[in-house]
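Presented below is the structure to which this report refers.
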Amino acid sequence: MEKYVFKIIPLAEIADTFPFRVRYRLDRDPRLEASLKVRGILMPLLVSGGSPARMISGHRRFLAARALGLEKAPALELPAGLEDRDLYLAAIL
């Protein structure tokens, strides 16, 4: 696995498309939103580098944070330029 960097990333810098999504549904989750209000995001998002960053894992956390109006989130960022097949493998792992 490629080296990743921990960052606090603005949610506006993450693309709204989710090509590496492995869940069928991304419905709003009131329990997740309530947890984020109290505890914040405990597990970082996984994104690819680049502009905009592409979401690899943490889609529901990303959507819940955005629904709550949060502006930033902790993220592990993989380097830009990785092949899509490698990013998809990272998503399912």
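Ligands are numbered from 1 in the order shown, chains are lettered A, B, ... in the order of the structure tokens, and residues start at 1 in each chain.
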Q: Run DSSP on the backbone of this structure and report the residues of chain A it assigns to strand (DSSP E), as a PyMOL selection string.
A: chain A and resi 5-10+45-48+54-57+72-78
(Q) At a cut-off of 7 Å, using only C-alpha atoms, what residues contact range 5-15 of chain A? Leave out same-chain residues fewer than 2 positions from it and give the result as a list in words. (A)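 Counting only the stated atoms, we get Lys3, Thr17, Ser51, Pro52, Ala53, Arg54, Met55, Glu71, Lys72, Ala73, Pro74, Ala75, Leu76, Glu77 and Leu78 of chain A.
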Can you write out the residues you just picked, keeping N, CA, C and O atoms, as a tab-separated table (two decimals), in the first residue's frame?
```tsv
chain	number	residue	atom	x	y	z
A	3	LYS	N	2.10	5.08	0.70
A	3	LYS	CA	2.14	5.90	1.91
A	3	LYS	C	0.99	6.91	1.89
A	3	LYS	O	0.64	7.43	0.85
A	17	THR	N	-18.82	12.81	-6.29
A	17	THR	CA	-19.04	11.52	-6.95
A	17	THR	C	-18.29	10.45	-6.17
A	17	THR	O	-17.24	10.73	-5.58
A	51	SER	N	-7.07	17.31	-6.95
A	51	SER	CA	-8.04	18.37	-6.76
A	51	SER	C	-9.15	18.20	-7.80
A	51	SER	O	-8.88	18.33	-8.99
A	52	PRO	N	-10.36	17.87	-7.40
A	52	PRO	CA	-10.75	17.59	-6.02
A	52	PRO	C	-10.30	16.20	-5.58
A	52	PRO	O	-10.02	15.34	-6.42
A	53	ALA	N	-10.22	16.02	-4.28
A	53	ALA	CA	-9.90	14.70	-3.73
A	53	ALA	C	-11.05	13.75	-4.03
A	53	ALA	O	-12.20	14.18	-4.11
A	54	ARG	N	-10.75	12.48	-4.21
A	54	ARG	CA	-11.80	11.49	-4.45
A	54	ARG	C	-11.99	10.63	-3.21
A	54	ARG	O	-11.01	10.17	-2.62
A	55	MET	N	-13.24	10.44	-2.82
A	55	MET	CA	-13.57	9.64	-1.65
A	55	MET	C	-13.32	8.17	-1.95
A	55	MET	O	-13.79	7.64	-2.95
A	71	GLU	N	-17.35	21.83	8.25
A	71	GLU	CA	-16.54	22.33	7.15
A	71	GLU	C	-15.31	21.49	6.89
A	71	GLU	O	-14.79	21.47	5.77
A	72	LYS	N	-14.80	20.81	7.92
A	72	LYS	CA	-13.57	20.04	7.78
A	72	LYS	C	-13.72	18.68	8.44
A	72	LYS	O	-14.56	18.49	9.31
A	73	ALA	N	-12.86	17.74	8.02
A	73	ALA	CA	-12.89	16.39	8.59
A	73	ALA	C	-11.47	15.82	8.57
A	73	ALA	O	-10.67	16.16	7.70
A	74	PRO	N	-11.17	14.93	9.52
A	74	PRO	CA	-9.89	14.24	9.47
A	74	PRO	C	-9.88	13.26	8.31
A	74	PRO	O	-10.89	12.62	8.01
A	75	ALA	N	-8.74	13.16	7.64
A	75	ALA	CA	-8.66	12.26	6.48
A	75	ALA	C	-7.25	11.69	6.35
A	75	ALA	O	-6.27	12.33	6.70
A	76	LEU	N	-7.20	10.48	5.85
A	76	LEU	CA	-5.95	9.88	5.40
A	76	LEU	C	-5.95	10.04	3.90
A	76	LEU	O	-6.87	9.61	3.22
A	77	GLU	N	-4.91	10.70	3.38
A	77	GLU	CA	-4.86	10.98	1.96
A	77	GLU	C	-3.79	10.13	1.29
A	77	GLU	O	-2.62	10.17	1.66
A	78	LEU	N	-4.22	9.35	0.30
A	78	LEU	CA	-3.29	8.58	-0.53
A	78	LEU	C	-2.76	9.50	-1.62
A	78	LEU	O	-3.42	10.47	-1.99
```
Q) Which is closest to Ala65 in chain A among A:Arg21, A:Arg85, A:Leu45, A:Ala90, if we use only C-alpha atoms? A) A:Leu45
Q. Using the chain letters and numbers from this document, which residues of chain A does DSSP assign to alpha helix (DSSP H), as a PyMOL selection string?
A. chain A and resi 30-39+59-67+84-92
Hey, can you spit out that residue selection with C-alpha atoms as a compact mmCIF listing (two decimals), in the first residue's frame?
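The resulting file, selection_15.txt, is reproduced below:
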```
# COMPACT_ATOMS: atom_id res chain seq x y z
CA PRO A 30 -29.80 10.00 12.09
CA ARG A 31 -27.80 7.90 14.58
CA LEU A 32 -24.54 8.65 12.80
CA GLU A 33 -25.39 12.35 12.63
CA ALA A 34 -26.20 12.36 16.37
CA SER A 35 -22.88 10.67 17.09
CA LEU A 36 -20.98 13.20 14.98
CA LYS A 37 -22.64 16.05 16.88
CA VAL A 38 -21.41 14.66 20.19
CA ARG A 39 -18.08 13.03 19.32
CA HIS A 59 -18.84 8.01 2.33
CA ARG A 60 -21.53 7.95 5.02
CA ARG A 61 -19.35 9.91 7.47
CA PHE A 62 -18.65 12.45 4.74
CA LEU A 63 -22.33 12.87 3.88
CA ALA A 64 -23.37 13.07 7.55
CA ALA A 65 -20.69 15.68 8.29
CA ARG A 66 -21.77 17.73 5.30
CA ALA A 67 -25.45 17.45 6.31
CA ASP A 84 -8.38 3.20 -9.99
CA ARG A 85 -8.05 -0.55 -9.37
CA ASP A 86 -5.68 0.13 -6.47
CA LEU A 87 -8.02 2.75 -4.99
CA TYR A 88 -10.95 0.34 -5.28
CA LEU A 89 -8.96 -2.34 -3.45
CA ALA A 90 -8.23 0.19 -0.71
CA ALA A 91 -11.98 0.90 -0.49
CA ILE A 92 -12.94 -2.72 0.10
```
Q: Measuring atom to atom with only C-alpha atoms, identify which of A:Glu83, A:Pro19, A:Arg25, A:Ile41 is nearest to Leu70 in chain A.
A: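 Smallest separation from Leu70 in chain A among the options: A:Ile41.
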Q: For CA of Phe20 in chain A and CA of Leu82 in chain A, determine how far apart the two atoms are, in Å to one decimal place.
A: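 According to the coordinates, CA of Phe20 in chain A and CA of Leu82 in chain A are separated by 13.0 Å.
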